[in-house]
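K.L.:
Shown below is the structure under consideration.
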8 protein chains.
Amino acid sequence: MNSTTLKKILDALASGDIDVCQAQNQLSHLAMEDIDYAHIDHHRSLRKGFPEVIFGESKSVEQITGIMERMISQEQVVLVTRVDAEKASQVLQRFPEADYNETARMIRLQKQELAKTGQGVILVISAGTSDIPAAMEASLTADAMGNEVQTLFDVGVAGIHRLFAHKEQIEQARVLIVAAGMEGALPSVVAGMVSRPVIAVPTSVGYGVSLGGITALLGMLNSCSSNVAVVNIDNGFGAGYIASSINRI
Amino acid sequence: MNSTTLKKILDALASGDIDVCQAQNQLSHLAMEDIDYAHIDHHRSLRKGFPEVIFGESKSVEQITGIMERMISQEQVVLVTRVDAEKASQVLQRFPEADYNETARMIRLQKQELAKTGQGVILVISAGTSDIPAAMEASLTADAMGNEVQTLFDVGVAGIHRLFAHKEQIEQARVLIVAAGMEGALPSVVAGMVSRPVIAVPTSVGYGVSLGGITALLGMLNSCSSNVAVVNIDNGFGAGYIASSINRI
Amino acid sequence: MNSTTLKKILDALASGDIDVCQAQNQLSHLAMEDIDYAHIDHHRSLRKGFPEVIFGESKSVEQITGIMERMISQEQVVLVTRVDAEKASQVLQRFPEADYNETARMIRLQKQELAKTGQGVILVISAGTSDIPAAMEASLTADAMGNEVQTLFDVGVAGIHRLFAHKEQIEQARVLIVAAGMEGALPSVVAGMVSRPVIAVPTSVGYGVSLGGITALLGMLNSCSSNVAVVNIDNGFGAGYIASSINRI
Amino acid sequence: MNSTTLKKILDALASGDIDVCQAQNQLSHLAMEDIDYAHIDHHRSLRKGFPEVIFGESKSVEQITGIMERMISQEQVVLVTRVDAEKASQVLQRFPEADYNETARMIRLQKQELAKTGQGVILVISAGTSDIPAAMEASLTADAMGNEVQTLFDVGVAGIHRLFAHKEQIEQARVLIVAAGMEGALPSVVAGMVSRPVIAVPTSVGYGVSLGGITALLGMLNSCSSNVAVVNIDNGFGAGYIASSINRI
Amino acid sequence: MNSTTLKKILDALASGDIDVCQAQNQLSHLAMEDIDYAHIDHHRSLRKGFPEVIFGESKSVEQITGIMERMISQEQVVLVTRVDAEKASQVLQRFPEADYNETARMIRLQKQELAKTGQGVILVISAGTSDIPAAMEASLTADAMGNEVQTLFDVGVAGIHRLFAHKEQIEQARVLIVAAGMEGALPSVVAGMVSRPVIAVPTSVGYGVSLGGITALLGMLNSCSSNVAVVNIDNGFGAGYIASSINRI
Amino acid sequence: MNSTTLKKILDALASGDIDVCQAQNQLSHLAMEDIDYAHIDHHRSLRKGFPEVIFGESKSVEQITGIMERMISQEQVVLVTRVDAEKASQVLQRFPEADYNETARMIRLQKQELAKTGQGVILVISAGTSDIPAAMEASLTADAMGNEVQTLFDVGVAGIHRLFAHKEQIEQARVLIVAAGMEGALPSVVAGMVSRPVIAVPTSVGYGVSLGGITALLGMLNSCSSNVAVVNIDNGFGAGYIASSINRI
Amino acid sequence: MNSTTLKKILDALASGDIDVCQAQNQLSHLAMEDIDYAHIDHHRSLRKGFPEVIFGESKSVEQITGIMERMISQEQVVLVTRVDAEKASQVLQRFPEADYNETARMIRLQKQELAKTGQGVILVISAGTSDIPAAMEASLTADAMGNEVQTLFDVGVAGIHRLFAHKEQIEQARVLIVAAGMEGALPSVVAGMVSRPVIAVPTSVGYGVSLGGITALLGMLNSCSSNVAVVNIDNGFGAGYIASSINRI
Amino acid sequence: MNSTTLKKILDALASGDIDVCQAQNQLSHLAMEDIDYAHIDHHRSLRKGFPEVIFGESKSVEQITGIMERMISQEQVVLVTRVDAEKASQVLQRFPEADYNETARMIRLQKQELAKTGQGVILVISAGTSDIPAAMEASLTADAMGNEVQTLFDVGVAGIHRLFAHKEQIEQARVLIVAAGMEGALPSVVAGMVSRPVIAVPTSVGYGVSLGGITALLGMLNSCSSNVAVVNIDNGFGAGYIASSINRI
């Protein structure tokens, strides 16, 4: 409709009903609606290849399926994050063709096989078994956004030799995501091994002064290795998303 | 210049050089510049009566006088906040007609007497003597923005009877600003006496677990009186500004 | 009764039973009761048009209905905040004429249609779907206090163009309430669009270092826009209350 | 037994079995046991009139009744704090003569009427209804420790005139305990009315940045009135205890 | 003057110039001033024997001497806290009869020898040498308020045997003040030795996670001994004040 | 297998298939695997006598039993920490020969009696009854790691004479572990009694500003006694582990 | 030398002085040195094109020039960060060919023009004038690491139209760095405009509850836009470094 | 003198002047003084080999030299920590035979060569150059307490290969001290390489959210390696002290 309004002004100018000055004046007031229009366009182009994502935590089954229905009519893929197993089973009754990954707590609904648009491998590493949910969320997000994803789980500081055993794989990745809780030292160690960008995901794993992930977060922000940048605690989705935006360059 | 670009497109349309569709297309891409233009316009209208303000703390004398020069050519009044006495004396050598208030650490430069655009009285109250700088900053800001301002200093909880002695004045104010440090209880007490909006300014006055104003801030956010809203610690300027925006309604 | 006591002293003085000195002495000791009386009077006048509000969270059904009974005999409207659906259904068995809004978790009981005493529109904006409960609490509070209220939900930074699409509505509001969680940036953006006062409500929506709303709160207190003041986390009621006190000016 | 050991050494010295030097040497090594003995004695004298108290929160019914049994054989009164209703009903099956106060969550078991050893009245004030559990814990503790206790509940800042209506009662108390949550301003106001010591109890009542009582605690520690000292959040027992120790002077 | 106003109304009533109803009406409006009056009276009686105190930290020499002049005309004693040596020497040029204690950073000006109004001994204990300033501030405050004060410095946990060596002195005190930094354990230990009230003063002494006194404060609030109440960090003055209010009972 | 690869290169060199330069080059690329190998070797030697430990909190029964099966085939002893009673009973159905300690929430599975490799006694002390779980976890860990362990429970500051009664036992321990919540003062007191190393375990016992153990942790880090080092809150396992590493020296 | 040792073993094996088994054994112990060697090599390759960087803040002029001398003999470029003007002028006396940027507080010493190895433009944006130092540090770092860098300063939320005016430039950047203090909202807004990765740099600019940059940091970690990752407060160098590692892909 | 008092009682008993009962009674009251005596004795024996230490930070030159004089008459060695260069030069004018280490900010005064009482090597490791002061304080403390000390500085995560190059030295140490700032990951890595106890010293080195060492501290408390215990930030002295107490076992 904004474009209708715009067209109406331009028609009026073209037909001489208003003069340039009047048109200019009317258009100044329209600017926002113009952006609105432009933004939608731009937004749509952005979404090409980038899945629209529903944060499922505080939404009911009805809300989730409602949004999924509207989205899947226009999109190739729909992701829902933070869905527990019970909610998920109800959503899948409505969309039996969707997949649910219980570890990552993610639902994925797609119309057809996604094209790989990322140019290299995104390697997702987790320090411990308890960090796997965040790592898996990152992994599935990057996968759904058209990247080749590899994973390397449970290679934390307590078994650092296992990490070194995968040195080649680590050095060949184009972007790395490292999820770790407790002291959060793993991203620094990994970043010291490569020249590639490392996205660090602090997890809420731990007890006592792990402070629900804040200690890991602080450690990562103070990393001695400079090729590390950090996302919010347990934000596997965000890590997968920005890693994709890097890999697509 | 953006308006020039806009005019150029409209001229082209009016003269038939481009058709409505082409114009619509070109304007879609111009949207941002249009906003820029619109914003400037809107911004200017906003500034009518609202003084433009320079945050002086981290600026050199040269930077301050430079910005003042550019601004005073277009504005009725220019305010500079957080200027210490030494810097101020140098600024005043360049602008001898400006006023400096050492308590509020503010410089004010104006071309002519400001019209009163606020509709009632803004009453600025401080709990202790040490809270006066923040209160004075609020007071001078509101004054420069065209309000009748009254002040009531040093009427904190330790001498609460002095506060009650000014009950009538307090009840007649249209908007109230209350600055307090330490436990920050005064805004609640004042708000309990009136039905008007109270803007609370926590100050960094105190020691130990006053935590540089955080205790006062937390106390004010937990006020039992519901007609209280809060600004940042020592942010007298912000309190004066929003009080003005309320008084101008 | 205090006024009875007062009258008794004055009667005794008028009838010559006590002299001025004795009266003065007795009245000195009565001062507090006098205030009590005055306060009650003043308080009652305050409450005209302003609904008395019951904080329901830690109260039992019996406590809530008990207070409601005493209040509705004297008041036009009674509000109860923070009532979950189960408690509410029991309260409504006692007051079938009351309304319950599950999103805002508020009960409203009124004798007759409330007069509109606010002079303009209060616009309540929420950043995301999860911020709607706080926004709705603000909205219903302002409505019950006699204001025309409009709402604009789910127009956060992720879909900022939707916000701009409502530019006119935003600019015409007399007071604005903006509820947002996570980074809490929306109030700044809205405040940058208008010269009216904006009351910011941080919400506890988010995860990780959203810290239960503290990040949003800190962000709002540091707003670059100066026409913003802040209330406690999730305090929709307080926002609605102070917005009403502003709109009534 | 320690005293037996001591006597044995002294006997040996008196009988010439050991000389002074040997006795001195042996006694040096006994020092700690001597203290132990002294401490026990001193400890017992301390407990005369002061009830021994069991912190019930993390103890099982069996643990609580076990300790109660051992204690009541030697003491006039036994108090158990932080006991929920369910646990309490089981404890009372074993001690039917005990009393349980559900609001204060305290069990009290006593052999006979306690003598009043406190010299004046301890007045316990609560700001809101939700602060009553902490206030009641303080009140029952002081009562069990032999004090005349009066209470004044729900006289917070929102209804400050009700506080002033009790001015005389407040001024006549020998020690005051004030429990308040949220902003925690009430102890300051009360302390401003009297010259007596005021023990402030921050409560965990509130939401958002009440931070589980930390805001109230910080506010009380920053009180403008100097006759205020503070105990831990929700520590009604501690407040009642120290108030008793003051009242007994 | 308020009392004049009151008398005027009562005179008018006694003389029949106004009737009871008018008098009642006028007095309702006077209530606050009545309180004002009452407060001043009460305040004055409070101050008898309790020195008025000037917080010198953020005040200039001129401000301090100005307030001292006004006060000494009506009071027996004037205290100024938090005055550094340089400021103090200038103040003493104006009041050569005043005393300055550099450790406590206090100035004391008194007209004549103060009467002892406290009934027992207040014992002030410091854990380390660095805690002496806070302890001295408490000591001088209690002394100026008419108490017999004894001190016991440098008897912290590292030399706990020195504490026990003074067991008798400790047990004979009526009120105890204990200042300690770092881990702040001393008040608990002292409180375990006596049945008297202990006022704990956390000091900002320490480094690393002593957090400027917050660790000591938290430790004291969590004291296992229940006859402990706490004041703000470094608040020796407050400790001396409330100890005096206890000792005067 | 890495050792196979290493041997293959060395064989090739010995047989002249490759020259020294080629061998050197290949070995450079093998370095990590060499470390891997070395680490495994070293790791294995480390594990002799040191039980491998499973953190059971976030693991399912299946995960726990799976790991136990793999481990017990190679190890003398397997420990599982943080297992609740329900999970434990299921694990014990699979390993009936295992022991479960409900207080410490630990499962221990061992093939034969463990040799004592520690050289002295490790003494584990708890301040209160509620600190026993952490103390017991430390105790069982040290025991499983081949140490003679003694325990001394419930000897906190409130009953400090009981502590002194065990002076001899305390002085004879080679390493001490002290678990305490609330103010966490006990490790300082114990450390003041001995010249041996004291490992302090803050526990999450307490309420209000015990802050889930942070107050105890901060207090212990600020200990006046210098022979104290600290582990994470409730980390009894870590304390038992490092005490063993000290005792084994 | 490690490689010498390695060669010695291999020589011994080749010459039959030791057998394969002995060689294998000796090499197991050498593993670490091998890595050392490998690491150095790898490290050197890493450094090609990536400038070695000296953190100058806590180093003396002598230390800085000493390290620079050793480095410049082997490197094309040497960077020193966090050097104040006074220190810098002394360093430049020793290296007159070096450049010093006072805003960024960086010294740069290079032998010859650096090749551009980054593949696109890195755009560095600052919110306010006070954020320029951090932004400039990022900019100079990226420049020294071989990237084309563009800057856009002072385009914060208060002048958001200026940001939109540069829409095209923003959309064409390959990687973006956004430095902002106070509420830190700018990175979210920028990230909402592009699909490229955005590195957010919180700055310590602000007062009150800006908390030295923590508020900005928290806001950025909670960004609604998912293509944002964050570095430490004021860490312009780190932002420039990781942006380079992304741009080099 | 206490021993005199004790002897007097025993003499009186031995000579029959008092009987056993009287002696027992008198000794009960003496207990504390006995402890005092015992403590001094015990204390002295403790100090043999353990240097008495003066915390110099808040002490004047006069205070430091005064305490040194009293101590050196009885002790073999006197240490003073936290002394800046200026103060130190004045102290050394009084004690020209003392040594001052400017990096560690320690003065050491000793009468003769100290005997080595520690049984193995204490290895002190620092992550970066800026961590050397804390590491040096630990090193000199351990040295003065009679240990063989080795140091390994500047081997942090950024140059982790240098750490591995010293693998043998690391594995041969009996106790290890690791000082690190920023993210504080080094102690975990070192502890993963050895079975010996590691004392971690967080340092205040860093900026932004290194939070003056709190991030390093939190990271160390959350170490994945269990043979790590932690001391206060920058507490090199404490680390050296407890390491000595371990090495002396």
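Please note that chains go A, B, ... in the order of the structure tokens, that every chain numbers its residues from 1, and that ligands are numbered from 1 in the order shown.
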Please superimpose chain H upon chain E, fitting all C-alpha atoms matched one to one in order, and report the result as a compact mmCIF listing (two decimals) with C-alpha atoms, in the first residue's frame.

P.N.:
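result29.txt written:
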```txt
# COMPACT_ATOMS: atom_id res chain seq x y z
CA MET H 1 7.26 31.40 63.80
CA ASN H 2 5.11 28.34 63.26
CA SER H 3 4.33 28.45 66.94
CA THR H 4 3.39 32.08 66.39
CA THR H 5 0.95 31.10 63.70
CA LEU H 6 -0.48 28.43 65.94
CA LYS H 7 -0.83 30.87 68.79
CA LYS H 8 -2.53 33.37 66.49
CA ILE H 9 -5.22 30.85 65.59
CA LEU H 10 -5.72 29.83 69.19
CA ASP H 11 -5.87 33.47 70.27
CA ALA H 12 -8.47 34.14 67.61
CA LEU H 13 -10.49 31.20 68.86
CA ALA H 14 -10.10 32.18 72.50
CA SER H 15 -11.18 35.70 71.69
CA GLY H 16 -14.15 34.48 69.67
CA ASP H 17 -12.87 35.95 66.37
CA ILE H 18 -13.22 32.52 64.83
CA ASP H 19 -15.30 29.59 65.91
CA VAL H 20 -14.22 26.03 66.65
CA CYS H 21 -15.07 24.87 63.17
CA GLN H 22 -12.93 27.56 61.54
CA ALA H 23 -10.10 26.86 63.96
CA GLN H 24 -10.29 23.16 63.22
CA ASN H 25 -10.16 23.86 59.53
CA GLN H 26 -7.19 26.22 59.79
CA LEU H 27 -5.34 23.79 62.02
CA SER H 28 -5.80 20.94 59.56
CA HIS H 29 -3.88 22.97 57.05
CA LEU H 30 -1.28 23.87 59.62
CA ALA H 31 -0.57 20.29 60.62
CA MET H 32 2.67 20.10 58.77
CA GLU H 33 4.02 23.28 60.26
CA ASP H 34 2.96 21.95 63.63
CA ILE H 35 5.02 18.87 63.06
CA ASP H 36 7.82 21.01 61.94
CA TYR H 37 7.62 22.80 65.24
CA ALA H 38 7.20 19.59 67.21
CA HIS H 39 10.01 17.99 65.31
CA ILE H 40 12.32 20.84 66.08
CA ASP H 41 11.44 20.54 69.72
CA HIS H 42 11.81 16.81 69.75
CA HIS H 43 14.89 17.14 67.65
CA ARG H 44 16.42 19.54 70.11
CA SER H 45 15.71 17.23 73.00
CA LEU H 46 17.30 14.45 71.02
CA ARG H 47 20.36 16.53 70.50
CA LYS H 48 20.82 17.16 74.19
CA GLY H 49 23.85 15.07 74.88
CA PHE H 50 23.95 13.86 71.29
CA PRO H 51 26.42 15.92 69.34
CA GLU H 52 25.27 17.43 66.08
CA VAL H 53 27.60 16.11 63.39
CA ILE H 54 28.91 17.64 60.14
CA PHE H 55 30.04 15.29 57.37
CA GLY H 56 33.14 17.19 56.26
CA GLU H 57 34.28 15.17 53.26
CA SER H 58 32.71 17.15 50.43
CA LYS H 59 32.49 20.50 52.21
CA SER H 60 34.85 23.46 51.87
CA VAL H 61 36.57 25.09 54.85
CA GLU H 62 34.14 28.00 54.53
CA GLN H 63 31.11 25.74 54.59
CA ILE H 64 32.42 23.82 57.61
CA THR H 65 33.26 26.90 59.68
CA GLY H 66 29.97 28.53 58.69
CA ILE H 67 27.91 25.60 59.97
CA MET H 68 30.09 25.31 63.09
CA GLU H 69 29.47 28.93 63.95
CA ARG H 70 25.71 28.60 63.73
CA MET H 71 25.74 25.37 65.71
CA ILE H 72 28.09 26.21 68.55
CA SER H 73 25.88 29.10 69.58
CA GLN H 74 23.21 26.60 70.57
CA GLU H 75 25.03 23.35 71.25
CA GLN H 76 27.46 22.06 73.87
CA VAL H 77 29.52 20.14 71.36
CA VAL H 78 30.03 20.10 67.62
CA LEU H 79 31.66 17.23 65.73
CA VAL H 80 33.02 17.30 62.18
CA THR H 81 33.91 13.96 60.55
CA ARG H 82 36.08 13.08 57.54
CA VAL H 83 38.28 16.17 57.59
CA ASP H 84 41.81 15.83 56.23
CA ALA H 85 44.75 17.42 58.06
CA GLU H 86 45.07 20.37 55.69
CA LYS H 87 41.43 21.39 55.91
CA ALA H 88 41.50 20.84 59.65
CA SER H 89 44.40 23.22 60.23
CA GLN H 90 42.43 25.97 58.48
CA VAL H 91 39.31 25.22 60.49
CA LEU H 92 41.35 25.36 63.70
CA GLN H 93 42.66 28.82 62.82
CA ARG H 94 39.04 29.93 63.13
CA PHE H 95 38.32 27.77 66.20
CA PRO H 96 41.63 27.49 68.09
CA GLU H 97 39.81 25.90 71.03
CA ALA H 98 38.74 22.92 68.90
CA ASP H 99 40.59 19.58 68.88
CA TYR H 100 41.59 17.65 65.79
CA ASN H 101 42.33 13.92 65.78
CA GLU H 102 44.22 13.11 62.60
CA THR H 103 43.75 9.33 62.79
CA ALA H 104 39.98 9.60 63.11
CA ARG H 105 39.97 12.68 60.88
CA MET H 106 37.56 14.35 63.32
CA ILE H 107 37.29 17.87 64.72
CA ARG H 108 35.60 18.40 68.07
CA LEU H 109 34.55 21.72 69.44
CA GLN H 110 32.94 21.87 72.87
CA LYS H 111 31.98 24.57 75.33
CA GLN H 112 32.50 22.65 78.54
CA GLU H 113 33.23 19.20 79.84
CA LEU H 114 30.50 16.80 78.72
CA ALA H 115 28.49 14.85 81.27
CA LYS H 116 28.66 11.06 81.06
CA THR H 117 25.13 9.93 80.22
CA GLY H 118 25.95 6.40 79.05
CA GLN H 119 25.61 3.79 81.76
CA GLY H 120 28.42 1.36 81.05
CA VAL H 121 31.61 1.03 79.06
CA ILE H 122 31.65 0.97 75.27
CA LEU H 123 34.63 -1.09 74.16
CA VAL H 124 36.01 -0.39 70.68
CA ILE H 125 38.15 -3.16 69.18
CA SER H 126 40.15 -3.05 65.94
CA ALA H 127 41.50 -6.09 64.11
CA GLY H 128 44.60 -4.50 62.59
CA THR H 129 46.53 -1.24 62.63
CA SER H 130 44.89 -0.20 59.39
CA ASP H 131 41.43 -0.52 60.94
CA ILE H 132 42.27 2.03 63.62
CA PRO H 133 40.91 5.09 61.73
CA ALA H 134 37.39 3.61 61.62
CA ALA H 135 37.73 2.39 65.21
CA MET H 136 38.94 5.79 66.36
CA GLU H 137 36.05 7.53 64.64
CA ALA H 138 33.68 5.24 66.53
CA SER H 139 35.53 5.83 69.77
CA LEU H 140 35.56 9.63 69.55
CA THR H 141 31.91 9.68 68.52
CA ALA H 142 30.86 7.59 71.51
CA ASP H 143 33.05 9.71 73.78
CA ALA H 144 31.51 12.95 72.52
CA MET H 145 28.08 11.45 73.11
CA GLY H 146 28.80 11.06 76.80
CA ASN H 147 30.07 7.51 77.16
CA GLU H 148 33.01 5.96 78.88
CA VAL H 149 34.98 4.43 76.03
CA GLN H 150 37.80 1.91 76.12
CA THR H 151 39.84 0.76 73.14
CA LEU H 152 41.65 -2.43 72.23
CA PHE H 153 43.54 -2.07 68.96
CA ASP H 154 45.38 -4.56 66.76
CA VAL H 155 43.97 -7.77 68.26
CA GLY H 156 42.90 -9.49 65.03
CA VAL H 157 42.84 -13.15 64.12
CA ALA H 158 46.59 -13.20 63.35
CA GLY H 159 47.19 -12.50 67.03
CA ILE H 160 44.05 -13.97 68.54
CA HIS H 161 45.83 -14.78 71.83
CA ARG H 162 46.14 -11.05 72.49
CA LEU H 163 42.37 -10.88 72.25
CA PHE H 164 41.91 -13.65 74.78
CA ALA H 165 44.36 -11.91 77.11
CA HIS H 166 41.80 -9.13 77.45
CA LYS H 167 38.92 -11.49 78.12
CA GLU H 168 37.86 -9.80 81.34
CA GLN H 169 37.79 -6.33 79.82
CA ILE H 170 35.78 -7.67 76.91
CA GLU H 171 33.26 -9.37 79.15
CA GLN H 172 32.75 -6.26 81.25
CA ALA H 173 31.86 -3.97 78.39
CA ARG H 174 28.20 -3.08 78.01
CA VAL H 175 28.34 -2.58 74.24
CA LEU H 176 31.14 -3.58 71.87
CA ILE H 177 32.21 -2.12 68.55
CA VAL H 178 34.50 -4.24 66.38
CA ALA H 179 36.19 -2.83 63.26
CA ALA H 180 37.81 -5.24 60.82
CA GLY H 181 38.74 -5.40 57.13
CA MET H 182 39.82 -8.21 54.80
CA GLU H 183 37.79 -11.30 55.82
CA GLY H 184 36.03 -9.49 58.67
CA ALA H 185 35.98 -12.49 61.03
CA LEU H 186 36.79 -10.67 64.26
CA PRO H 187 33.26 -9.54 65.22
CA SER H 188 32.09 -13.17 65.13
CA VAL H 189 34.88 -14.27 67.42
CA VAL H 190 34.29 -11.42 69.88
CA ALA H 191 30.51 -11.95 69.78
CA GLY H 192 31.11 -15.60 70.61
CA MET H 193 32.85 -14.52 73.82
CA VAL H 194 30.08 -12.27 75.19
CA SER H 195 26.32 -12.01 75.51
CA ARG H 196 26.38 -8.25 74.90
CA PRO H 197 25.47 -6.59 71.59
CA VAL H 198 28.33 -6.25 69.12
CA ILE H 199 28.27 -3.56 66.42
CA ALA H 200 30.45 -4.65 63.50
CA VAL H 201 32.20 -2.06 61.31
CA PRO H 202 33.62 -3.46 58.06
CA THR H 203 36.61 -1.42 56.87
CA SER H 204 37.90 -0.86 53.37
CA VAL H 205 41.29 -2.25 54.36
CA GLY H 206 42.69 -4.98 52.09
CA TYR H 207 43.40 -5.62 48.42
CA GLY H 208 42.21 -7.91 45.61
CA VAL H 209 38.85 -9.46 46.46
CA SER H 210 38.54 -7.59 49.73
CA LEU H 211 36.55 -5.45 47.27
CA GLY H 212 36.97 -2.26 49.28
CA GLY H 213 35.31 -3.72 52.36
CA ILE H 214 32.46 -5.65 50.73
CA THR H 215 33.97 -9.02 51.66
CA ALA H 216 34.25 -7.97 55.31
CA LEU H 217 30.69 -6.64 55.20
CA LEU H 218 29.29 -9.85 53.72
CA GLY H 219 31.18 -11.95 56.24
CA MET H 220 29.82 -9.92 59.15
CA LEU H 221 26.25 -10.17 57.86
CA ASN H 222 26.70 -13.96 57.75
CA SER H 223 28.14 -14.14 61.25
CA CYS H 224 27.54 -17.43 63.05
CA SER H 225 27.15 -15.42 66.25
CA SER H 226 23.69 -13.88 66.50
CA ASN H 227 24.49 -10.90 68.72
CA VAL H 228 26.07 -9.02 65.82
CA ALA H 229 24.56 -6.20 63.76
CA VAL H 230 26.39 -4.34 61.04
CA VAL H 231 26.85 -0.77 59.77
CA ASN H 232 28.18 0.57 56.45
CA ILE H 233 31.83 0.16 55.41
CA ASP H 234 34.17 2.52 57.33
CA ASN H 235 31.17 3.96 59.15
CA GLY H 236 32.84 4.38 62.53
CA PHE H 237 30.63 7.35 63.28
CA GLY H 238 27.44 5.33 62.82
CA ALA H 239 28.79 2.54 65.02
CA GLY H 240 29.66 5.00 67.77
CA TYR H 241 26.24 6.58 67.44
CA ILE H 242 24.12 3.43 67.70
CA ALA H 243 26.37 2.06 70.46
CA SER H 244 25.63 5.27 72.39
CA SER H 245 21.91 4.88 71.81
CA ILE H 246 22.18 1.35 73.25
CA ASN H 247 24.35 2.36 76.19
CA ARG H 248 21.97 5.15 77.11
CA ILE H 249 18.99 2.81 77.54
```

K.L.:
Please extract the residues of range 134-175 of chain F with a backbone DSSP assignment of strand (DSSP E or B) and present them as a ChimeraX atom specification.

P.N.:
/F:148-152,175

K.L.:
Mind listing the helix (DSSP H, G or I) residues of range 84-184 of chain B, per DSSP on the backbone, as a VMD selection string?

P.N.:
chain B and resid 85 to 94 129 to 144 157 to 164 167 to 172
